[in-house]
Each structure stands twice: as structure tokens, then as C-alpha cells.
Amino acid sequence: MRNLSFSFIIPVFNRPDEIQELLESLSKQDFTKPFEIVIVEDGSALSSEKVIANFKEKLQISYYQKDNSGPGDSRNYGMQRAKGNYFIVLDSDCIIPSKYLTEAEKELKKRFVHCYGGPDAAHESFSLVQKAINYVMTSLFTTGGIRGNKKALDKFQPRSFNMGISKEAFEATGGFGNIHPGEDPDLTFRIWNAGYNTRLFPNAFVYHKRRIDWSKFYKQVNKFGMVRPILNKWHPKTKKLTYWFPTLFIIGLLISIPLYIFGIVWPVWCYGIYFLLIFADSLVKNKNIAIALLSIYATLIQFVGYGWGFLKSTFLLNFSNKEAEEVLPKLFFKKD
């Protein structure tokens with residue numbers, strides 16, 4: 001694809017303040033060619049219309065309002081109406097570095113791919129909790145680093161907070177499904193099945209706020225865990241033993257405590273070494289002792305939430321003859 005024209009696709013739900021920050025960052029792109037921003041208001045009670053109006057002079061914005069149908073369907077809605085031939089899907093809680101589009105175009109011209117994903121990072125303005133959560137969601141020492149491993153550049157699974165997809169691949173696959181979360185890996189697997197490749201663009205990163213506290217973080221990773229067995233059932237070739245790791249990790253931790261009481265200390269020592277590694281790695285990356293300590297707590301929440309969700313969902317799916325949408329309806333948006 002020689003003549004690239006970009007359209008950012010951004011669903012928003014009750015987040016005018018986030019859209020303000022996101023559009024401010026997009027107005028500072030060093031990219032010299034025109035690009036489109038498609039914002040889809042997904043049935044919000046708090047409209048972003050006034051915020052968007054302030055950027056009409058600076059940016060080429062297409063703004064749509066519709067009934068609530070979930071982020072996946074809203075992204076499809078935006079891509080169906082976008083004027084570009086290459087779509088960049090973002091979450092509303094992202095801040096975009098000024099060189100983002102320049103880096104994305106550079107990668108696409110070097111070796112074109114119909115779908116790419118970029119990493120996320122913690123902005124200096126983020127809270128300590130946000131930075132700790134960002135660490136565990138991206139670290140190679142937790143479940144977060146699997147997608148971002150640079151050794152797996154050509155089998156990267158993009159996530160919808162920072163995902164590029166060509167108009168051709170979108171039309172060939174039909175875009176996102178109605179599962180949430182999990183709509184992005186589901187789309188990635190269908191992109192692969194359609195004969196297209198995905199790739200990591202290491203320098204096309206975003207600052208992803210994740211807008212979460214500890215309670216919201218637990219609920220988020222718990223849903224991630226519940227979704228994975230559904231994806232395994234839909235796409236059996238993508239199953240990995242590593243998806244069991246958080247569940248086994250927590251079971252092992254619970255077993256190690258009574259073993260320690262009865263004098264078998266080595267399991268507890270192993271967990272102690274692991275958490276020390278998390279602390280040290282986070283300290284090196286964040287250069288902050290408080291964030292390093294919070295990273296240990298965030299790792300525990302991630303493993304407990306994901307592990308319990310994965311185990312519960314696996315049990316329900318394997319001992320029911322019903323479809324996933326009937327067994328776990330809260331993970332699906334109903335389409336009209």
C-alpha cells in the first residue's frame with residue numbers, strides 16, 4: 001500500500017476530560033500530512049461534543065453519536081465511516097507522543113503489514129498506582145510482557161488501545177466482535193486466519209492511563225482471565241499452557257504457607273525471590289521505591305484476579321453444553 005491515509009478511530013463513553021487530553025496530544029503530532037480523527041460517542045450521558053468543538057480548527061475530526069453498544073461495535077462503526085485506508089484504533093484514556101504517526105508510517109513503509117500493535121508506557125504525570133499497574137501490565141516478569149516481547153515481533157497480538165489495521169483487513173474480517181474484553185485478540189486471530197500478518201512497532205507507543213484504582217484493576221484482570229478460555233474454545237490453535245500460570249502461581253502460593261508452618265520452607269523462599277525480582281526490576285525501570293513496592297502488590301492482584309477468572313471460566317465452559325454467551329453473558333454486548 002503506497003498511498004497511506006490514516007484515520008484514528010476513538011470510541012468514547014462518558015470521558016470528555018480524557019478526550020481533551022487525547023486531542024491535545026494529537027494536535028502536537030510532528031506528522032506533516034493530513035490525517036483524520038473519528039470519534040464515536042457510544043451512548044454517553046456526559047457528552048464530549050463541546051470539547052471536540054474546541055479542536056475543530058486544529059484537527060480534521062469526524063464526530064458521531066450513537067446508542068451504547070460497546071467499544072468493539074463502536075470501533076467498527078467508526079471504521080465503516082472513516083475516510084482513510086489505514087485505521088489506528090485508540091482508547092480514550094491514551095496520550096499520544098508527538099512522533100507517533102511518523103514512527104508508524106516509517107515502519108509501514110519499511111515492511112508493510114495489514115495490522116500492527118504498539119506498546120504502552122507510563123507518562124510522567126501518572127500517579128504512583130497507575131505507574132505500578134502499568135509496570136505489571138507490560139513487564140516480562142508478569143503476564144503483561146508476553147505480547148511485548150521483541151523476540152516475538154512478527155507474532156505480536158495487538159491490543160485495541162494502540163492498534164493499526166488496514167481497511168482491507170477490516171473488511172475481510174468484519175472487524176471487532178461483541179465480546180468485551182477480549183475483542184482485540186479475537187480480531188487478531190481472525191486476521192491471521194484470513195491470511196494477514198501482525199507485527200509489533202516498538203517505537204509507535206502510547207501513554208495508556210488505564211484510569212484504574214486497585215478495585216477496578218482487579219475487576220479488569222479478572223475479566224481478562226474469564227475471557228481467555230472463551231478465546232481458547234473459539235480459536236483452539238492459540239491455546240498455551242502459559243495461560244494457566246497465574247492460576248497455578250496462586251495455588252502454589254496458598255500451598256506454600258502451610259508447608260512453611262510445617263517446616264518446608266523452600267517454596268516460600270522461591271516466592272520471596274520472585275517478588276524481590278519484581279521489586280528490583282520495577283525499581284530499575286521506574287527509579288522509585290514506592291512504585292517498586294506497589295508493583296509487588298499489583299502483581300499479586302493481577303495473578304489473583306486473572307487466575308481466579310481463568311479457573312472459574314474454564315470450569316463453567318467445560319461443564320456446560322451452552323454457548324459462552326449464555327454461560328457468561330456479562331462478557332458480551334448485545335447487538336441490535
# chains A, B, ... in the order shown; residues from 1 in each chain; ligands from 1
call {"tool": "select_by_dssp", "arguments": {"residues": "segment 71-293 of chain A", "states": "strand (DSSP E or B)", "output": "list in words"}}
result
Tyr86, Phe87, Ile88, Val89, Leu90, Cys94, Ile95, Cys115, Tyr116, Gly117, Asp120, Ala121, Asn162, Met163, Gly164, Ile165, Ser166, Ile179, Thr198, Arg199, Leu200, Val206, Tyr207 and His208 of chain A
call {"tool": "write_last_selection", "arguments": {"atoms": "N, CA and C atoms", "output": "PDB file, in the first residue's frame"}}
result
ATOM      1  N   TYR A  86      -6.105   3.343   6.231  1.00  0.00           N
ATOM      2  CA  TYR A  86      -5.422   2.637   7.322  1.00  0.00           C
ATOM      3  C   TYR A  86      -5.910   3.239   8.630  1.00  0.00           C
ATOM      4  N   PHE A  87      -6.495   2.381   9.478  1.00  0.00           N
ATOM      5  CA  PHE A  87      -7.131   2.834  10.710  1.00  0.00           C
ATOM      6  C   PHE A  87      -6.207   2.600  11.900  1.00  0.00           C
ATOM      7  N   ILE A  88      -6.162   3.569  12.792  1.00  0.00           N
ATOM      8  CA  ILE A  88      -5.401   3.433  14.040  1.00  0.00           C
ATOM      9  C   ILE A  88      -6.390   3.541  15.191  1.00  0.00           C
ATOM     10  N   VAL A  89      -6.591   2.441  15.893  1.00  0.00           N
ATOM     11  CA  VAL A  89      -7.578   2.357  16.964  1.00  0.00           C
ATOM     12  C   VAL A  89      -6.916   2.724  18.292  1.00  0.00           C
ATOM     13  N   LEU A  90      -7.514   3.655  18.998  1.00  0.00           N
ATOM     14  CA  LEU A  90      -7.003   4.093  20.297  1.00  0.00           C
ATOM     15  C   LEU A  90      -8.110   4.035  21.340  1.00  0.00           C
ATOM     16  N   CYS A  94      -5.745   7.471  26.419  1.00  0.00           N
ATOM     17  CA  CYS A  94      -4.364   7.476  25.947  1.00  0.00           C
ATOM     18  C   CYS A  94      -3.887   8.897  25.670  1.00  0.00           C
ATOM     19  N   ILE A  95      -2.587   9.092  25.811  1.00  0.00           N
ATOM     20  CA  ILE A  95      -1.909  10.315  25.384  1.00  0.00           C
ATOM     21  C   ILE A  95      -0.890   9.883  24.328  1.00  0.00           C
ATOM     22  N   CYS A 115      -1.806  -5.260   9.861  1.00  0.00           N
ATOM     23  CA  CYS A 115      -2.209  -4.998  11.245  1.00  0.00           C
ATOM     24  C   CYS A 115      -0.978  -4.896  12.110  1.00  0.00           C
ATOM     25  N   TYR A 116      -0.924  -3.881  12.955  1.00  0.00           N
ATOM     26  CA  TYR A 116       0.202  -3.747  13.872  1.00  0.00           C
ATOM     27  C   TYR A 116      -0.303  -3.378  15.262  1.00  0.00           C
ATOM     28  N   GLY A 117       0.560  -3.573  16.224  1.00  0.00           N
ATOM     29  CA  GLY A 117       0.283  -3.133  17.585  1.00  0.00           C
ATOM     30  C   GLY A 117       1.479  -2.381  18.104  1.00  0.00           C
ATOM     31  N   ASP A 120       2.656   0.256  25.275  1.00  0.00           N
ATOM     32  CA  ASP A 120       2.197   1.379  26.071  1.00  0.00           C
ATOM     33  C   ASP A 120       3.222   1.667  27.146  1.00  0.00           C
ATOM     34  N   ALA A 121       3.233   2.891  27.597  1.00  0.00           N
ATOM     35  CA  ALA A 121       4.185   3.333  28.610  1.00  0.00           C
ATOM     36  C   ALA A 121       3.466   4.216  29.616  1.00  0.00           C
ATOM     37  N   ASN A 162      -3.986   0.577  21.168  1.00  0.00           N
ATOM     38  CA  ASN A 162      -2.945   1.037  20.245  1.00  0.00           C
ATOM     39  C   ASN A 162      -2.800  -0.007  19.145  1.00  0.00           C
ATOM     40  N   MET A 163      -3.676   0.055  18.160  1.00  0.00           N
ATOM     41  CA  MET A 163      -3.759  -0.987  17.137  1.00  0.00           C
ATOM     42  C   MET A 163      -3.994  -0.366  15.768  1.00  0.00           C
ATOM     43  N   GLY A 164      -3.195  -0.755  14.796  1.00  0.00           N
ATOM     44  CA  GLY A 164      -3.391  -0.310  13.427  1.00  0.00           C
ATOM     45  C   GLY A 164      -3.947  -1.446  12.586  1.00  0.00           C
ATOM     46  N   ILE A 165      -4.890  -1.153  11.709  1.00  0.00           N
ATOM     47  CA  ILE A 165      -5.473  -2.177  10.849  1.00  0.00           C
ATOM     48  C   ILE A 165      -5.854  -1.538   9.517  1.00  0.00           C
ATOM     49  N   SER A 166      -5.468  -2.181   8.428  1.00  0.00           N
ATOM     50  CA  SER A 166      -5.793  -1.642   7.115  1.00  0.00           C
ATOM     51  C   SER A 166      -7.290  -1.778   6.839  1.00  0.00           C
ATOM     52  N   ILE A 179     -17.685  -9.517  22.066  1.00  0.00           N
ATOM     53  CA  ILE A 179     -17.131  -9.889  23.369  1.00  0.00           C
ATOM     54  C   ILE A 179     -16.314  -8.718  23.912  1.00  0.00           C
ATOM     55  N   THR A 198       0.513  -9.822  11.580  1.00  0.00           N
ATOM     56  CA  THR A 198       0.564  -8.721  12.539  1.00  0.00           C
ATOM     57  C   THR A 198       2.016  -8.516  12.946  1.00  0.00           C
ATOM     58  N   ARG A 199       2.311  -7.311  13.434  1.00  0.00           N
ATOM     59  CA  ARG A 199       3.690  -7.027  13.828  1.00  0.00           C
ATOM     60  C   ARG A 199       3.706  -5.970  14.926  1.00  0.00           C
ATOM     61  N   LEU A 200       4.712  -6.040  15.768  1.00  0.00           N
ATOM     62  CA  LEU A 200       4.935  -5.015  16.792  1.00  0.00           C
ATOM     63  C   LEU A 200       5.735  -3.866  16.195  1.00  0.00           C
ATOM     64  N   VAL A 206       2.171   4.462  23.029  1.00  0.00           N
ATOM     65  CA  VAL A 206       1.262   5.457  23.587  1.00  0.00           C
ATOM     66  C   VAL A 206       1.414   5.455  25.105  1.00  0.00           C
ATOM     67  N   TYR A 207       0.986   6.529  25.727  1.00  0.00           N
ATOM     68  CA  TYR A 207       0.881   6.580  27.187  1.00  0.00           C
ATOM     69  C   TYR A 207      -0.549   6.190  27.547  1.00  0.00           C
ATOM     70  N   HIS A 208      -0.695   5.037  28.189  1.00  0.00           N
ATOM     71  CA  HIS A 208      -2.029   4.489  28.463  1.00  0.00           C
ATOM     72  C   HIS A 208      -2.349   4.661  29.942  1.00  0.00           C
TER      73      HIS A 208
END
call {"tool": "residues_around", "arguments": {"residues": "Glu103 of chain A", "least_positions_apart": "3", "cutoff": "7 Å", "atoms": "only C-alpha atoms", "output": "compact mmCIF listing (two decimals) with C-alpha atoms, in the first residue's frame"}}
result
# COMPACT_ATOMS: atom_id res chain seq x y z
CA LYS A 99 6.34 11.26 16.86
CA TYR A 100 3.70 8.51 16.87
CA LYS A 106 8.18 4.64 8.86
CA GLU A 107 7.51 1.03 9.91
CA ASN A 203 8.59 2.92 18.63
CA ALA A 204 4.89 3.60 17.97
call {"tool": "residues_around", "arguments": {"residues": "Ala290 of chain A", "least_positions_apart": "4", "cutoff": "9 Å", "atoms": "only C-alpha atoms", "output": "number ranges by chain"}}
result
A: 128, 132, 283, 294-295
call {"tool": "atom_distance", "arguments": {"atom1": "atom CA of Phe35 of chain A", "atom2": "atom CA of Phe6 of chain A"}}
result
5.3 Å
call {"tool": "select_by_dssp", "arguments": {"residues": "segment 4-179 of chain A", "states": "alpha helix (DSSP H)", "output": "ChimeraX atom specification"}}
result
/A:16-26,49-53,71-81,100-110,128-138,167-173
call {"tool": "residues_around", "arguments": {"residues": "Asp91 of chain A", "least_positions_apart": "5", "cutoff": "9 Å", "atoms": "only C-alpha atoms", "output": "list in words"}}
result
Ile9, Ile10, Pro11, Val12, Pro71, Ser160, Phe161, Asn162 and His208 of chain A
call {"tool": "write_last_selection", "arguments": {"atoms": "N, CA and C atoms", "output": "PDB file, in the first residue's frame"}}
result
ATOM      1  N   ILE A   9      -9.354   6.005  15.085  1.00  0.00           N
ATOM      2  CA  ILE A   9     -10.696   5.573  15.485  1.00  0.00           C
ATOM      3  C   ILE A   9     -10.748   5.533  17.008  1.00  0.00           C
ATOM      4  N   ILE A  10     -11.613   6.364  17.594  1.00  0.00           N
ATOM      5  CA  ILE A  10     -11.624   6.513  19.057  1.00  0.00           C
ATOM      6  C   ILE A  10     -13.055   6.445  19.585  1.00  0.00           C
ATOM      7  N   PRO A  11     -13.448   5.335  20.210  1.00  0.00           N
ATOM      8  CA  PRO A  11     -14.745   5.317  20.897  1.00  0.00           C
ATOM      9  C   PRO A  11     -14.606   6.013  22.254  1.00  0.00           C
ATOM     10  N   VAL A  12     -15.669   6.653  22.690  1.00  0.00           N
ATOM     11  CA  VAL A  12     -15.619   7.329  23.991  1.00  0.00           C
ATOM     12  C   VAL A  12     -16.946   7.126  24.705  1.00  0.00           C
ATOM     13  N   PRO A  71     -17.432  -0.994  23.052  1.00  0.00           N
ATOM     14  CA  PRO A  71     -16.288  -0.424  22.328  1.00  0.00           C
ATOM     15  C   PRO A  71     -16.000  -1.101  20.996  1.00  0.00           C
ATOM     16  N   SER A 160      -6.376  -3.068  21.531  1.00  0.00           N
ATOM     17  CA  SER A 160      -7.148  -2.001  20.903  1.00  0.00           C
ATOM     18  C   SER A 160      -6.884  -0.614  21.484  1.00  0.00           C
ATOM     19  N   PHE A 161      -6.059  -0.479  22.512  1.00  0.00           N
ATOM     20  CA  PHE A 161      -5.677   0.857  22.956  1.00  0.00           C
ATOM     21  C   PHE A 161      -4.610   1.439  22.031  1.00  0.00           C
ATOM     22  N   ASN A 162      -3.986   0.577  21.168  1.00  0.00           N
ATOM     23  CA  ASN A 162      -2.945   1.037  20.245  1.00  0.00           C
ATOM     24  C   ASN A 162      -2.800  -0.007  19.145  1.00  0.00           C
ATOM     25  N   HIS A 208      -0.695   5.037  28.189  1.00  0.00           N
ATOM     26  CA  HIS A 208      -2.029   4.489  28.463  1.00  0.00           C
ATOM     27  C   HIS A 208      -2.349   4.661  29.942  1.00  0.00           C
TER      28      HIS A 208
END
